[in-house]
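Written out below as structure tokens is the structure these notes cover.
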Amino acid sequence: MSPRTPHGTLILLRHGQSIWNITDPSVGLVSRFTGWADIALTSHGVLQAEAAGRSLVSLRRFGKIDAAYCSLLSRAVDTCDIVLKECGLKLHVGESKVATPSKKTLNFAGCYKIPVTYSWRLNERHYGGLVGLSKAAVEQKYSSELLHQWRYSWHTRPPPMDEDLRLYWEKNAGWCKTITHSTKPRASTNSIREGRERGGMWPKMSMLTTEPSVSSTGFAAMPRCESLCDCAWRFLPLWTESIAPRLRRGESVLVVAHANTIRSALYYLDPVRVKKDNLKEVKIPSAVPLVYR
């Protein structure tokens with residue numbers, strides 16, 4: 001049983017450096033809009049994740065991590081896995097039937113000593129038609145003004161992804177499904193494919209505290225693009241119905257996500273520092289824990 005504090009501790013962590021985060025002409029790499037593309041960590045990103053885990057071990061004042069939340073994208077899943085291993089929260093071989101999380105089989109159960117929830121609601125902002133393009137290419141194709149608006153405006157959405165590509169991703173890419181996997185140590189995975197709310201864009205999160213069910217109104221669809229506001233709105237149900245209650249109980253919660261997911265969430269979680277007119281100045285560095293108490 002980990003020690004409790006009067007108030008919980010929230011640890012926000014962006015994934016380590018990914019292949020599309022860097023520009024290195026010597027090896028043919030250029031920084032690109034990633035969005036929901038499932039891009040792996042670089043070797044440096046792995047080292048960053050290991051360092052993040054060690055730094056959390058040194059912050060003993062908030063006790064051990066009680067629960068973790070993570071997006072469905074590999075760069076976040078791998079970062080979360082590395083951090084929990086460094087924190088001594090990963091089960092050893094023989095303690096669990098599953099050694100590492102597998103997105104291909106949607107089998108995340110039994111890997112860790114704490115509950116871990118993987119949710120599309122923590123995926124990176126969907127950059128629509130900009131996914132895969134470099135910032136220079138977007139500026140050349142459109143304009144520097146539009147590029148700035150699409151990156152930092154609260155409400156402005158980028159051009160939508162081609163519908164054929166969106167449907168292909170939604171059908172064939174597990175990380176592009178509106179699904180949440182809730183796991184417990186040495187237990188089976190509770191996986192929920194979410195349905196739409198009546199009159200709303202995204203569904204509620206009541207399935208995290210109830211038995212698995214699927215809405216009769218049908219499945220929510222992967223978006224074609226998102227603004228920062230859209231990104232925040234899909235995060236909020238996970239916050240209000242699952243993460244915040246843990247914090248109120250005095251737990252320490254790790255959330256491993258992405259730059260824009262964290263930036264848009266902070267607009268609601270830290271309104272004194274994060275406002276609509278200073279989003280450009282809100283930097284979310286790779287694999288550097290942001291600790292709130």
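Labels used: A, B, ... for chains in the order of the structure tokens, numbers from 1 for residues in each chain, and numbers from 1 for ligands as shown.
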
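Every protein or nucleic acid residue with an atom no more than 8 Å from segment 76-78 of chain A, counting only C-alpha atoms and leaving out same-chain residues fewer than 6 positions away, appears here: Arg14, His15, Gly16, Leu41, Cys70, Pro101, Val256, Ala257 and His258 of chain A.
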
Discussion item. If we count only C-alpha atoms and set the cut-off at 6 Å, which residues sit around segment 222-236 of chain A, ignoring sequence neighbours fewer than 4 positions away in its own chain? Please answer as a ChimeraX atom specification.
Written reply: /A:121,125-128,154-157,160-161,264-265

Using only C-alpha atoms, please write the residues we just selected to a file, as a PDB file, in the first residue's frame.
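Below is the file part_12.pdb, written as the result:
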ATOM      1  CA  ARG A 121      -8.974  10.007 -25.399  1.00  0.00           C
ATOM      2  CA  ARG A 125      -4.454  15.830 -31.531  1.00  0.00           C
ATOM      3  CA  HIS A 126      -5.615  14.597 -34.954  1.00  0.00           C
ATOM      4  CA  TYR A 127      -3.895  16.847 -37.490  1.00  0.00           C
ATOM      5  CA  GLY A 128      -6.110  15.711 -40.364  1.00  0.00           C
ATOM      6  CA  TRP A 154      -7.898  27.121 -29.794  1.00  0.00           C
ATOM      7  CA  HIS A 155     -10.809  26.595 -32.199  1.00  0.00           C
ATOM      8  CA  THR A 156      -9.290  26.448 -35.704  1.00  0.00           C
ATOM      9  CA  ARG A 157      -9.115  22.974 -37.240  1.00  0.00           C
ATOM     10  CA  PRO A 160      -9.547  17.289 -42.804  1.00  0.00           C
ATOM     11  CA  MET A 161      -7.941  13.972 -43.617  1.00  0.00           C
ATOM     12  CA  SER A 264      -5.112  21.411 -24.271  1.00  0.00           C
ATOM     13  CA  ALA A 265      -5.800  19.625 -20.980  1.00  0.00           C
TER      14      ALA A 265
END

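Straight-line separation from atom CA of Ser71 of chain A to atom CA of His181 of chain A: 9.9 Å.
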
Practice prompt. Considering only C-alpha atoms, return as an MDAnalysis selection string whatever protein or nucleic-acid residues lie within 7 Å of Arg293 of chain A, sequence-local ones (same chain, fewer than 5 positions apart) excluded.
Written response: chainID A and resid 7:10

Practice prompt. Just list the residues in segment 50-198 of chain A DSSP gives helix (DSSP H, G or I) on the backbone, as a VMD selection string.
Written response: chain A and resid 50 to 58 60 to 62 74 to 86 120 to 122 128 to 130 135 to 141 144 to 152 163 to 172 174 to 176

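The spacing separating atom CA of Asn260 of chain A from atom CA of Trp150 of chain A amounts to 11.9 Å.
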
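Non-sequential neighbours of Arg248 of chain A (distance at most 9 Å, separation of 2 or more positions within a chain, only C-alpha atoms) are Pro6, His7, Gly8, Ile243, Ala244, Pro245, Arg246, Gly250 and Glu251 of chain A.
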
Item to complete: Write out as JSON, numbers by chain all residues of segment 110-200 of chain A that DSSP puts in strand (DSSP E) for this structure's backbone.
Response: {"A": [116, 117, 118, 119, 179, 180, 181, 182, 183, 190, 191, 192, 193]}

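Distances here use only C-alpha atoms; by that measure, the residue among A:Leu247, A:Leu165, A:Ile39, A:Tyr142 closest to Asp66 of chain A is A:Leu247.
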
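Distance check against Pro285 of chain A using only C-alpha atoms: of A:Lys177, A:Arg263, A:Lys64, A:Arg32, the minimum falls on A:Arg263.
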
Worksheet entry | Spatial neighbours of Asp277 of chain A, 12 Å, only C-alpha atoms, chain gap at least 3 places, as a PyMOL selection string | chain A and resi 149+152-155+267+271+273-274+280-282

Dump as a compact mmCIF listing (two decimals), in the first residue's frame, selection limited to all heavy atoms:
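Below is the file that was written, again.txt:
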# COMPACT_ATOMS: atom_id res chain seq x y z
N GLN A 149 -2.12 29.45 -37.28
CA GLN A 149 -3.48 29.24 -36.79
C GLN A 149 -3.76 27.78 -36.48
O GLN A 149 -4.33 27.44 -35.44
CB GLN A 149 -4.50 29.75 -37.82
CG GLN A 149 -4.63 31.25 -37.91
CD GLN A 149 -5.74 31.66 -38.85
OE1 GLN A 149 -6.72 30.93 -39.05
NE2 GLN A 149 -5.61 32.83 -39.45
N TYR A 152 -1.75 26.77 -33.20
CA TYR A 152 -1.92 27.42 -31.90
C TYR A 152 -3.30 28.00 -31.63
O TYR A 152 -3.56 28.38 -30.48
CB TYR A 152 -0.86 28.52 -31.75
CG TYR A 152 0.55 28.00 -31.86
CD1 TYR A 152 1.37 28.38 -32.93
CD2 TYR A 152 1.05 27.10 -30.93
CE1 TYR A 152 2.66 27.90 -33.05
CE2 TYR A 152 2.35 26.61 -31.05
CZ TYR A 152 3.14 27.01 -32.11
OH TYR A 152 4.42 26.52 -32.23
N SER A 153 -4.16 28.09 -32.63
CA SER A 153 -5.51 28.59 -32.36
C SER A 153 -6.30 27.56 -31.56
O SER A 153 -6.19 26.35 -31.80
CB SER A 153 -6.22 28.90 -33.68
OG SER A 153 -7.59 29.13 -33.45
N TRP A 154 -7.12 28.03 -30.63
CA TRP A 154 -7.90 27.12 -29.79
C TRP A 154 -9.00 26.43 -30.59
O TRP A 154 -9.28 25.24 -30.39
CB TRP A 154 -8.49 27.90 -28.63
CG TRP A 154 -9.26 27.07 -27.65
CD1 TRP A 154 -10.60 27.12 -27.39
CD2 TRP A 154 -8.74 26.06 -26.77
NE1 TRP A 154 -10.96 26.22 -26.42
CE2 TRP A 154 -9.81 25.55 -26.02
CE3 TRP A 154 -7.46 25.54 -26.55
CZ2 TRP A 154 -9.66 24.55 -25.06
CZ3 TRP A 154 -7.31 24.54 -25.59
CH2 TRP A 154 -8.40 24.06 -24.87
N HIS A 155 -9.64 27.14 -31.51
CA HIS A 155 -10.81 26.59 -32.20
C HIS A 155 -10.56 26.19 -33.65
O HIS A 155 -11.35 25.43 -34.23
CB HIS A 155 -11.96 27.60 -32.18
CG HIS A 155 -12.54 27.82 -30.81
ND1 HIS A 155 -13.30 26.87 -30.16
CD2 HIS A 155 -12.47 28.89 -29.97
CE1 HIS A 155 -13.67 27.33 -28.97
NE2 HIS A 155 -13.19 28.55 -28.84
N TYR A 267 -5.24 23.74 -20.26
CA TYR A 267 -6.11 24.92 -20.35
C TYR A 267 -7.20 24.85 -19.28
O TYR A 267 -7.61 25.87 -18.72
CB TYR A 267 -6.72 25.00 -21.74
CG TYR A 267 -7.78 26.06 -21.89
CD1 TYR A 267 -7.43 27.41 -21.96
CD2 TYR A 267 -9.13 25.73 -21.91
CE1 TYR A 267 -8.40 28.40 -22.08
CE2 TYR A 267 -10.12 26.70 -22.04
CZ TYR A 267 -9.75 28.03 -22.12
OH TYR A 267 -10.71 29.00 -22.22
N PRO A 271 -5.61 26.83 -15.39
CA PRO A 271 -6.07 28.02 -16.12
C PRO A 271 -5.33 29.31 -15.76
O PRO A 271 -5.39 30.28 -16.52
CB PRO A 271 -7.56 28.12 -15.73
CG PRO A 271 -7.64 27.43 -14.40
CD PRO A 271 -6.64 26.31 -14.47
N ARG A 273 -2.03 29.62 -15.56
CA ARG A 273 -0.85 29.70 -16.41
C ARG A 273 -1.13 29.49 -17.89
O ARG A 273 -0.42 30.01 -18.75
CB ARG A 273 0.19 28.66 -15.95
CG ARG A 273 0.75 28.88 -14.57
CD ARG A 273 1.81 27.83 -14.25
NE ARG A 273 2.40 28.01 -12.93
CZ ARG A 273 1.91 27.48 -11.82
NH1 ARG A 273 0.81 26.73 -11.89
NH2 ARG A 273 2.49 27.68 -10.66
N VAL A 274 -2.15 28.70 -18.21
CA VAL A 274 -2.41 28.33 -19.60
C VAL A 274 -3.71 28.98 -20.06
O VAL A 274 -4.79 28.70 -19.54
CB VAL A 274 -2.50 26.80 -19.77
CG1 VAL A 274 -2.74 26.44 -21.23
CG2 VAL A 274 -1.22 26.14 -19.26
N LYS A 280 1.03 29.23 -27.59
CA LYS A 280 2.31 29.07 -28.29
C LYS A 280 3.47 29.01 -27.31
O LYS A 280 4.48 28.34 -27.55
CB LYS A 280 2.52 30.22 -29.28
CG LYS A 280 3.79 30.07 -30.12
CD LYS A 280 3.91 31.20 -31.13
CE LYS A 280 5.19 31.05 -31.97
NZ LYS A 280 5.32 32.13 -32.98
N GLU A 281 3.33 29.71 -26.18
CA GLU A 281 4.40 29.75 -25.19
C GLU A 281 4.38 28.54 -24.25
O GLU A 281 5.31 28.37 -23.46
CB GLU A 281 4.30 31.03 -24.36
CG GLU A 281 4.80 32.28 -25.09
CD GLU A 281 3.90 32.70 -26.24
OE1 GLU A 281 2.68 32.79 -26.01
OE2 GLU A 281 4.42 32.90 -27.36
N VAL A 282 3.33 27.75 -24.31
CA VAL A 282 3.22 26.58 -23.42
C VAL A 282 4.00 25.43 -24.04
O VAL A 282 3.52 24.75 -24.96
CB VAL A 282 1.74 26.19 -23.19
CG1 VAL A 282 1.66 24.96 -22.28
CG2 VAL A 282 0.97 27.35 -22.60

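Nearest to Ala287 of chain A of all the residues A:Ser55, A:Phe33, A:Arg249, A:Pro25 is A:Ser55, based on only C-alpha atoms.
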
Fill in: Nearest-residue call for Thr79 of chain A, choices A:Asn190, A:Thr180, A:Asn278, A:Thr42, using only C-alpha atoms
A:Thr42

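Between atom CA of Leu146 of chain A and atom CA of Gly132 of chain A there is a distance of 17.0 Å.
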
Item to complete: Excluding Cys80 of chain A and residues on its chain fewer than 4 positions from it, collect all residues at most 12 Å away from it, counting only C-alpha atoms, and give them as JSON, numbers by chain.
Response: {"A": [11, 12, 13, 14, 15, 16, 41, 45, 46, 48, 49, 50, 52, 53, 65, 67, 68, 69, 70, 71, 72, 73, 74, 75, 76, 84, 85, 86, 87, 89, 90, 100, 101, 111, 112, 116, 117, 118, 254, 255, 256, 257, 258, 287, 289]}

The selected residues should be written to file as a PDB file, in the first residue's frame (atoms: C-alpha atoms).
ATOM      1  CA  ILE A  11       2.138  13.483 -13.140  1.00  0.00           C
ATOM      2  CA  LEU A  12       1.786  14.539 -16.779  1.00  0.00           C
ATOM      3  CA  LEU A  13       4.388  13.101 -19.127  1.00  0.00           C
ATOM      4  CA  ARG A  14       4.851  13.574 -22.834  1.00  0.00           C
ATOM      5  CA  HIS A  15       6.297  10.546 -24.615  1.00  0.00           C
ATOM      6  CA  GLY A  16       9.999  10.397 -25.492  1.00  0.00           C
ATOM      7  CA  LEU A  41      10.424   6.195 -30.364  1.00  0.00           C
ATOM      8  CA  GLY A  45      13.485   8.714 -26.929  1.00  0.00           C
ATOM      9  CA  VAL A  46      14.007   5.400 -25.119  1.00  0.00           C
ATOM     10  CA  GLN A  48      14.592   9.929 -22.287  1.00  0.00           C
ATOM     11  CA  ALA A  49      11.860   7.610 -21.001  1.00  0.00           C
ATOM     12  CA  GLU A  50      14.351   5.751 -18.821  1.00  0.00           C
ATOM     13  CA  ALA A  52      11.972  10.139 -16.707  1.00  0.00           C
ATOM     14  CA  GLY A  53      11.337   6.928 -14.793  1.00  0.00           C
ATOM     15  CA  ILE A  65       2.427   5.699  -8.548  1.00  0.00           C
ATOM     16  CA  ALA A  67      -2.423   4.181 -11.391  1.00  0.00           C
ATOM     17  CA  ALA A  68      -1.367   5.101 -14.909  1.00  0.00           C
ATOM     18  CA  TYR A  69      -3.184   6.338 -18.002  1.00  0.00           C
ATOM     19  CA  CYS A  70      -1.797   6.253 -21.525  1.00  0.00           C
ATOM     20  CA  SER A  71      -2.802   6.842 -25.139  1.00  0.00           C
ATOM     21  CA  LEU A  72      -3.067   4.008 -27.666  1.00  0.00           C
ATOM     22  CA  LEU A  73      -0.099   5.218 -29.730  1.00  0.00           C
ATOM     23  CA  SER A  74       3.168   3.244 -29.595  1.00  0.00           C
ATOM     24  CA  ARG A  75       5.370   6.169 -28.644  1.00  0.00           C
ATOM     25  CA  ALA A  76       3.270   6.731 -25.512  1.00  0.00           C
ATOM     26  CA  LEU A  84       6.798   1.853 -15.002  1.00  0.00           C
ATOM     27  CA  LYS A  85       9.673  -0.609 -15.352  1.00  0.00           C
ATOM     28  CA  GLU A  86      12.119   1.990 -14.004  1.00  0.00           C
ATOM     29  CA  CYS A  87       9.728   2.628 -11.114  1.00  0.00           C
ATOM     30  CA  LEU A  89       5.993  -1.390 -11.169  1.00  0.00           C
ATOM     31  CA  LYS A  90       6.332  -3.902 -14.001  1.00  0.00           C
ATOM     32  CA  THR A 100       4.753  -6.498 -22.519  1.00  0.00           C
ATOM     33  CA  PRO A 101       1.630  -4.760 -23.819  1.00  0.00           C
ATOM     34  CA  CYS A 111       1.777  -6.505 -17.107  1.00  0.00           C
ATOM     35  CA  TYR A 112       2.060  -4.176 -14.125  1.00  0.00           C
ATOM     36  CA  VAL A 116      -3.164   0.976 -16.298  1.00  0.00           C
ATOM     37  CA  THR A 117      -5.776   2.466 -18.619  1.00  0.00           C
ATOM     38  CA  TYR A 118      -5.064   2.918 -22.338  1.00  0.00           C
ATOM     39  CA  LEU A 254       0.706   9.090 -14.054  1.00  0.00           C
ATOM     40  CA  VAL A 255      -0.697  10.261 -17.413  1.00  0.00           C
ATOM     41  CA  VAL A 256       1.477   9.528 -20.461  1.00  0.00           C
ATOM     42  CA  ALA A 257       0.241  11.382 -23.512  1.00  0.00           C
ATOM     43  CA  HIS A 258       1.294  13.882 -26.194  1.00  0.00           C
ATOM     44  CA  ALA A 287       9.752  12.912 -21.314  1.00  0.00           C
ATOM     45  CA  PRO A 289       7.494  14.961 -15.847  1.00  0.00           C
TER      46      PRO A 289
END
